[in-house]
Amino acid sequence: MYDTLLKNAIEASLLAGEAIMDIHHQKNYSIQKKLDQTPVTEADFRSHDIIVRELKRTKIEILSEEGSADSWAEIRRSSRYWLIDPLDGTKEFIKGNGEFTVNIALMEDEKPILGVIYIPVQQILYAGDVNSGAWRWNEVAPKSLPDWEVMKSNAQSLPLNIAYDDYRVLGSKSFRSAPTDNFMKKLGETIPNIKIVRAGSSIKFCMIASGEADLYPRLDNIMQWDVAAGHAIVEASGGIVKSWPDGSDIRYTAEDMRFTKFMAATRGGDFDLFFK
């Protein structure tokens, strides 16, 4: 069952990514402001329409950042639903730096169990099923869809075997906050070889899941659809995503769709020192 749902989510993410890139190449797309003054583009809406169209065949409720807020509470009462961010990193999309993603997560009992993140500019795909593992594909585009079995056989299991000498801590490229920056500063006082790496959108979760970085602290506001797909992929890779500062498991229960402060860490590290 989950294999089929993963395939559905991957297909939706790739088709959405293709549409996003079509608009990205135009460079004259419309940009609007939401009520919270964050930007939204026609690429966000086009991606939303494609993902909703593709996932409707699963007969599972769909909660999207760009969907109607009036439906959120009702959808979240379902024991299972899709949680999507059609274009995560809209600011990065507008800047043209390529660090934006398509995020799709399957939620069960208030937590993500399956996640897909597609990076359209790089044509890199990440996916994870918390019961089966996590994977990465390079140079993957909609033309890769027909042979699912071949695609599965070409997957790289996560985390990858990556060696580096420094301790890599991830921070947001477009969103800075004093609590997160102060935490990183204090971390630098105890870890001499620390390296701060800033990246856009959910790419930070992909770097944790793949073993390209050690820690991703987020001690400021973020929304559930920004996190869910990456949360599933990190946990499927053997990493952790825990509430900060107590290190407890996280449930997606906030009615306003906000997410708690958290730490995401790659597999194999001793991260108890970050929690009280």
# chains A, B, ... in the order shown; residues from 1 in each chain; ligands from 1
call {"tool": "select_by_dssp", "arguments": {"residues": "range 118-272 of chain A", "states": "strand (DSSP E)", "output": "number ranges by chain"}}
result
A: 118-119, 124-129, 133-137, 156-157, 167-172, 194-199, 215-218, 240-243, 262-265
call {"tool": "write_last_selection", "arguments": {"atoms": "N, CA and C atoms", "output": "compact mmCIF listing (two decimals), in the first residue's frame"}}
result
# COMPACT_ATOMS: atom_id res chain seq x y z
N TYR A 118 11.12 17.22 -3.81
CA TYR A 118 11.73 17.32 -5.14
C TYR A 118 12.34 18.71 -5.30
N ILE A 119 13.59 18.74 -5.78
CA ILE A 119 14.29 20.00 -6.04
C ILE A 119 14.32 20.19 -7.56
N ILE A 124 16.76 16.65 -8.40
CA ILE A 124 17.10 15.68 -7.36
C ILE A 124 15.84 15.41 -6.55
N LEU A 125 15.59 14.14 -6.30
CA LEU A 125 14.40 13.70 -5.59
C LEU A 125 14.79 12.94 -4.33
N TYR A 126 14.14 13.27 -3.22
CA TYR A 126 14.31 12.56 -1.96
C TYR A 126 12.96 11.99 -1.54
N ALA A 127 12.99 10.80 -0.97
CA ALA A 127 11.76 10.19 -0.48
C ALA A 127 12.06 9.32 0.72
N GLY A 128 11.06 9.16 1.57
CA GLY A 128 11.25 8.32 2.74
C GLY A 128 9.94 7.73 3.23
N ASP A 129 9.99 6.50 3.66
CA ASP A 129 8.89 5.80 4.32
C ASP A 129 9.45 5.35 5.67
N GLY A 133 12.63 2.98 4.88
CA GLY A 133 13.90 3.61 4.59
C GLY A 133 13.74 4.91 3.81
N ALA A 134 14.88 5.49 3.44
CA ALA A 134 14.89 6.76 2.72
C ALA A 134 15.84 6.65 1.54
N TRP A 135 15.56 7.43 0.48
CA TRP A 135 16.30 7.28 -0.77
C TRP A 135 16.47 8.63 -1.47
N ARG A 136 17.45 8.65 -2.38
CA ARG A 136 17.68 9.82 -3.23
C ARG A 136 17.88 9.36 -4.67
N TRP A 137 17.37 10.18 -5.59
CA TRP A 137 17.59 9.96 -7.02
C TRP A 137 18.15 11.25 -7.63
N GLN A 156 19.43 5.64 -4.38
CA GLN A 156 20.53 5.64 -3.41
C GLN A 156 19.92 5.63 -2.01
N SER A 157 20.31 4.66 -1.18
CA SER A 157 19.80 4.62 0.19
C SER A 157 20.45 5.72 1.03
N TYR A 167 31.97 20.23 11.71
CA TYR A 167 30.66 19.91 12.26
C TYR A 167 29.67 20.89 11.63
N ARG A 168 28.80 20.38 10.78
CA ARG A 168 27.96 21.25 9.95
C ARG A 168 26.58 21.47 10.57
N VAL A 169 26.28 22.74 10.80
CA VAL A 169 25.00 23.15 11.36
C VAL A 169 24.28 23.98 10.31
N LEU A 170 23.02 23.66 10.06
CA LEU A 170 22.26 24.30 9.00
C LEU A 170 21.38 25.42 9.52
N GLY A 171 21.33 26.49 8.74
CA GLY A 171 20.45 27.61 9.03
C GLY A 171 19.72 28.04 7.79
N SER A 172 18.63 28.75 7.98
CA SER A 172 17.82 29.21 6.85
C SER A 172 18.54 30.31 6.08
N ILE A 194 33.03 23.94 14.14
CA ILE A 194 31.68 24.14 13.63
C ILE A 194 31.70 24.94 12.32
N LYS A 195 30.81 24.58 11.42
CA LYS A 195 30.65 25.31 10.16
C LYS A 195 29.16 25.56 9.96
N ILE A 196 28.78 26.83 9.85
CA ILE A 196 27.38 27.19 9.61
C ILE A 196 27.15 27.19 8.10
N VAL A 197 26.17 26.43 7.68
CA VAL A 197 25.80 26.35 6.25
C VAL A 197 24.36 26.82 6.11
N ARG A 198 24.12 27.78 5.24
CA ARG A 198 22.77 28.30 5.06
C ARG A 198 22.19 27.78 3.74
N ALA A 199 20.97 27.28 3.83
CA ALA A 199 20.32 26.72 2.66
C ALA A 199 18.84 27.08 2.68
N LEU A 215 23.40 18.88 12.00
CA LEU A 215 22.33 19.40 12.85
C LEU A 215 21.60 20.54 12.15
N TYR A 216 20.26 20.54 12.30
CA TYR A 216 19.43 21.63 11.81
C TYR A 216 18.54 22.10 12.96
N PRO A 217 18.93 23.19 13.64
CA PRO A 217 18.09 23.73 14.71
C PRO A 217 17.12 24.77 14.15
N ARG A 218 15.88 24.73 14.60
CA ARG A 218 14.91 25.75 14.19
C ARG A 218 14.14 26.17 15.43
N ILE A 240 16.84 11.99 13.51
CA ILE A 240 15.80 12.37 14.46
C ILE A 240 15.30 13.79 14.18
N VAL A 241 14.04 14.00 14.51
CA VAL A 241 13.44 15.33 14.56
C VAL A 241 12.68 15.39 15.87
N LYS A 242 13.18 16.21 16.80
CA LYS A 242 12.62 16.25 18.15
C LYS A 242 12.27 17.68 18.56
N SER A 243 11.28 17.77 19.41
CA SER A 243 10.89 19.07 19.96
C SER A 243 12.01 19.62 20.83
N PHE A 262 12.33 22.94 17.03
CA PHE A 262 12.81 21.57 16.89
C PHE A 262 14.30 21.52 16.55
N MET A 263 14.84 20.30 16.70
CA MET A 263 16.18 19.97 16.23
C MET A 263 16.06 18.76 15.31
N ALA A 264 16.68 18.84 14.14
CA ALA A 264 16.78 17.69 13.25
C ALA A 264 18.25 17.30 13.17
N ALA A 265 18.53 16.02 13.30
CA ALA A 265 19.91 15.57 13.35
C ALA A 265 20.07 14.29 12.55
call {"tool": "residues_around", "arguments": {"residues": "Asp3 in chain A", "least_positions_apart": "2", "cutoff": "12 Å", "atoms": "only C-alpha atoms", "output": "mmCIF file with N, CA and C atoms, in the first residue's frame"}}
result
data_model
loop_
_atom_site.group_PDB
_atom_site.id
_atom_site.type_symbol
_atom_site.label_atom_id
_atom_site.label_comp_id
_atom_site.auth_asym_id
_atom_site.auth_seq_id
_atom_site.Cartn_x
_atom_site.Cartn_y
_atom_site.Cartn_z
ATOM 1 N N MET A 1 0.831 -1.218 0.000
ATOM 2 C CA MET A 1 0.000 0.000 0.000
ATOM 3 C C MET A 1 0.856 1.254 0.000
ATOM 4 N N LEU A 5 1.394 4.515 -2.669
ATOM 5 C CA LEU A 5 1.216 5.904 -2.260
ATOM 6 C C LEU A 5 2.501 6.707 -2.468
ATOM 7 N N LEU A 6 3.632 6.086 -2.225
ATOM 8 C CA LEU A 6 4.910 6.753 -2.474
ATOM 9 C C LEU A 6 5.059 7.061 -3.960
ATOM 10 N N LYS A 7 4.708 6.115 -4.802
ATOM 11 C CA LYS A 7 4.755 6.334 -6.245
ATOM 12 C C LYS A 7 3.833 7.481 -6.651
ATOM 13 N N ASN A 8 2.624 7.507 -6.088
ATOM 14 C CA ASN A 8 1.688 8.598 -6.376
ATOM 15 C C ASN A 8 2.270 9.948 -6.001
ATOM 16 N N ALA A 9 2.880 10.016 -4.820
ATOM 17 C CA ALA A 9 3.448 11.279 -4.344
ATOM 18 C C ALA A 9 4.638 11.708 -5.196
ATOM 19 N N ILE A 10 5.470 10.754 -5.601
ATOM 20 C CA ILE A 10 6.621 11.077 -6.446
ATOM 21 C C ILE A 10 6.160 11.602 -7.803
ATOM 22 N N LEU A 114 5.379 9.276 5.632
ATOM 23 C CA LEU A 114 5.935 9.170 4.286
ATOM 24 C C LEU A 114 6.189 10.585 3.777
ATOM 25 N N GLY A 115 7.314 10.795 3.126
ATOM 26 C CA GLY A 115 7.625 12.130 2.629
ATOM 27 C C GLY A 115 8.341 12.094 1.293
ATOM 28 N N ALA A 127 12.989 10.799 -0.971
ATOM 29 C CA ALA A 127 11.758 10.194 -0.483
ATOM 30 C C ALA A 127 12.056 9.323 0.720
ATOM 31 N N GLY A 128 11.062 9.158 1.569
ATOM 32 C CA GLY A 128 11.247 8.319 2.743
ATOM 33 C C GLY A 128 9.940 7.732 3.234
ATOM 34 N N ASP A 129 9.995 6.495 3.662
ATOM 35 C CA ASP A 129 8.893 5.799 4.319
ATOM 36 C C ASP A 129 9.454 5.349 5.672
ATOM 37 N N VAL A 130 8.881 5.812 6.758
ATOM 38 C CA VAL A 130 9.474 5.557 8.069
ATOM 39 C C VAL A 130 9.555 4.065 8.396
ATOM 40 N N ASN A 131 8.798 3.244 7.683
ATOM 41 C CA ASN A 131 8.832 1.805 7.921
ATOM 42 C C ASN A 131 9.775 1.059 6.987
ATOM 43 N N SER A 132 10.300 1.759 5.966
ATOM 44 C CA SER A 132 11.093 1.058 4.944
ATOM 45 C C SER A 132 12.461 1.659 4.680
ATOM 46 N N GLY A 133 12.632 2.977 4.879
ATOM 47 C CA GLY A 133 13.905 3.614 4.589
ATOM 48 C C GLY A 133 13.737 4.907 3.813
ATOM 49 N N TRP A 148 8.512 2.266 -12.756
ATOM 50 C CA TRP A 148 8.673 2.460 -11.324
ATOM 51 C C TRP A 148 9.652 1.460 -10.729
ATOM 52 N N GLU A 149 9.642 0.233 -11.215
ATOM 53 C CA GLU A 149 10.533 -0.785 -10.669
ATOM 54 C C GLU A 149 11.992 -0.454 -10.968
ATOM 55 N N LYS A 152 13.067 2.372 -8.685
ATOM 56 C CA LYS A 152 13.374 1.905 -7.332
ATOM 57 C C LYS A 152 14.753 1.255 -7.263
#
call {"tool": "closest_residue", "arguments": {"among": "A:Glu11, A:Ile75, A:Gly96, A:Thr4", "to": "Thr58 in chain A", "atoms": "only C-alpha atoms"}}
result
A:Thr4
call {"tool": "select_by_dssp", "arguments": {"residues": "range 97-184 of chain A", "states": "helix (DSSP H, G or I)", "output": "list in words"}}
result
Pro142, Lys143, Ser144, Trp148, Glu149, Val150, Met151, Lys152, Ser153, Ala178, Pro179, Thr180, Asp181, Asn182, Phe183 and Met184 of chain A
call {"tool": "write_last_selection", "arguments": {"atoms": "N, CA and C atoms", "output": "CSV table (one decimal), in the first residue's frame"}}
result
chain,number,residue,atom,x,y,z
A,142,PRO,N,10.0,14.1,-15.0
A,142,PRO,CA,8.8,13.4,-15.3
A,142,PRO,C,9.0,12.3,-16.3
A,143,LYS,N,9.9,12.3,-17.2
A,143,LYS,CA,10.2,11.3,-18.2
A,143,LYS,C,10.6,10.0,-17.5
A,144,SER,N,11.0,10.1,-16.2
A,144,SER,CA,11.4,8.9,-15.4
A,144,SER,C,10.3,8.1,-14.9
A,148,TRP,N,8.5,2.3,-12.8
A,148,TRP,CA,8.7,2.5,-11.3
A,148,TRP,C,9.7,1.5,-10.7
A,149,GLU,N,9.6,0.2,-11.2
A,149,GLU,CA,10.5,-0.8,-10.7
A,149,GLU,C,12.0,-0.5,-11.0
A,150,VAL,N,12.3,0.0,-12.2
A,150,VAL,CA,13.6,0.5,-12.5
A,150,VAL,C,14.0,1.6,-11.7
A,151,MET,N,13.1,2.6,-11.5
A,151,MET,CA,13.4,3.7,-10.7
A,151,MET,C,13.8,3.3,-9.2
A,152,LYS,N,13.1,2.4,-8.7
A,152,LYS,CA,13.4,1.9,-7.3
A,152,LYS,C,14.8,1.3,-7.3
A,153,SER,N,15.1,0.5,-8.3
A,153,SER,CA,16.4,-0.2,-8.3
A,153,SER,C,17.6,0.8,-8.4
A,178,ALA,N,16.8,35.7,16.1
A,178,ALA,CA,17.7,35.8,17.2
A,178,ALA,C,17.8,34.5,18.0
A,179,PRO,N,16.7,33.8,18.3
A,179,PRO,CA,16.9,32.5,19.1
A,179,PRO,C,17.7,31.5,18.4
A,180,THR,N,17.5,31.3,17.1
A,180,THR,CA,18.3,30.3,16.4
A,180,THR,C,19.7,30.7,16.2
A,181,ASP,N,19.9,32.0,15.9
A,181,ASP,CA,21.3,32.5,15.7
A,181,ASP,C,22.1,32.5,17.0
A,182,ASN,N,21.4,32.8,18.1
A,182,ASN,CA,22.1,32.7,19.4
A,182,ASN,C,22.5,31.3,19.8
A,183,PHE,N,21.6,30.3,19.5
A,183,PHE,CA,21.9,28.9,19.7
A,183,PHE,C,23.2,28.5,18.9
A,184,MET,N,23.2,28.9,17.7
A,184,MET,CA,24.4,28.6,16.8
A,184,MET,C,25.7,29.2,17.4
call {"tool": "closest_residue", "arguments": {"among": "A:Ala73, A:Ile23, A:Leu14, A:Ala105", "to": "Ile60 in chain A", "atoms": "only C-alpha atoms"}}
result
A:Ala105
call {"tool": "closest_residue", "arguments": {"among": "A:Glu189, A:Glu18, A:Asp226, A:Asp165", "to": "Ile104 in chain A", "atoms": "only C-alpha atoms"}}
result
A:Asp226
call {"tool": "closest_residue", "arguments": {"among": "A:Glu235, A:Ser79, A:Val121, A:Ser64", "to": "Asp22 in chain A", "atoms": "only C-alpha atoms"}}
result
A:Val121
call {"tool": "residues_around", "arguments": {"residues": "range 204-212 of chain A", "least_positions_apart": "3", "cutoff": "6 Å", "atoms": "only C-alpha atoms", "output": "VMD selection string"}}
result
chain A and resid 158 to 160 230 234 237 266
call {"tool": "write_last_selection", "arguments": {"atoms": "C-alpha atoms", "output": "mmCIF file, in the first residue's frame"}}
result
data_model
loop_
_atom_site.group_PDB
_atom_site.id
_atom_site.type_symbol
_atom_site.label_atom_id
_atom_site.label_comp_id
_atom_site.auth_asym_id
_atom_site.auth_seq_id
_atom_site.Cartn_x
_atom_site.Cartn_y
_atom_site.Cartn_z
ATOM 1 C CA LEU A 158 20.152 7.350 2.805
ATOM 2 C CA PRO A 159 22.256 8.397 4.552
ATOM 3 C CA LEU A 160 25.056 8.435 1.991
ATOM 4 C CA GLY A 230 11.441 16.473 5.572
ATOM 5 C CA VAL A 234 14.951 12.320 8.126
ATOM 6 C CA SER A 237 16.968 7.679 7.128
ATOM 7 C CA THR A 266 21.517 12.985 11.105
#
call {"tool": "residues_around", "arguments": {"residues": "Asp246 in chain A", "least_positions_apart": "5", "cutoff": "12 Å", "atoms": "only C-alpha atoms", "output": "PyMOL selection string"}}
result
chain A and resi 241+260-263+272-276
call {"tool": "write_last_selection", "arguments": {"atoms": "N, CA and C atoms", "output": "tab-separated table (two decimals), in the first residue's frame"}}
result
chain	number	residue	atom	x	y	z
A	241	VAL	N	14.04	14.00	14.51
A	241	VAL	CA	13.44	15.33	14.56
A	241	VAL	C	12.68	15.39	15.87
A	260	THR	N	6.32	23.40	16.11
A	260	THR	CA	7.08	23.69	17.32
A	260	THR	C	8.56	23.94	17.02
A	261	LYS	N	9.27	24.48	17.99
A	261	LYS	CA	10.73	24.57	17.88
A	261	LYS	C	11.30	23.15	17.85
A	262	PHE	N	12.33	22.94	17.03
A	262	PHE	CA	12.81	21.57	16.89
A	262	PHE	C	14.30	21.52	16.55
A	263	MET	N	14.84	20.30	16.70
A	263	MET	CA	16.18	19.97	16.23
A	263	MET	C	16.06	18.76	15.31
A	272	ASP	N	21.96	14.06	22.55
A	272	ASP	CA	21.27	14.27	23.82
A	272	ASP	C	21.68	15.60	24.48
A	273	LEU	N	22.87	16.07	24.21
A	273	LEU	CA	23.36	17.29	24.85
A	273	LEU	C	22.58	18.53	24.42
A	274	PHE	N	21.80	18.43	23.33
A	274	PHE	CA	21.06	19.59	22.85
A	274	PHE	C	19.70	19.73	23.54
A	275	PHE	N	19.29	18.70	24.28
A	275	PHE	CA	17.97	18.72	24.90
A	275	PHE	C	18.08	18.73	26.41
A	276	LYS	N	17.12	19.37	27.04
A	276	LYS	CA	17.11	19.48	28.50
A	276	LYS	C	16.29	18.36	29.11
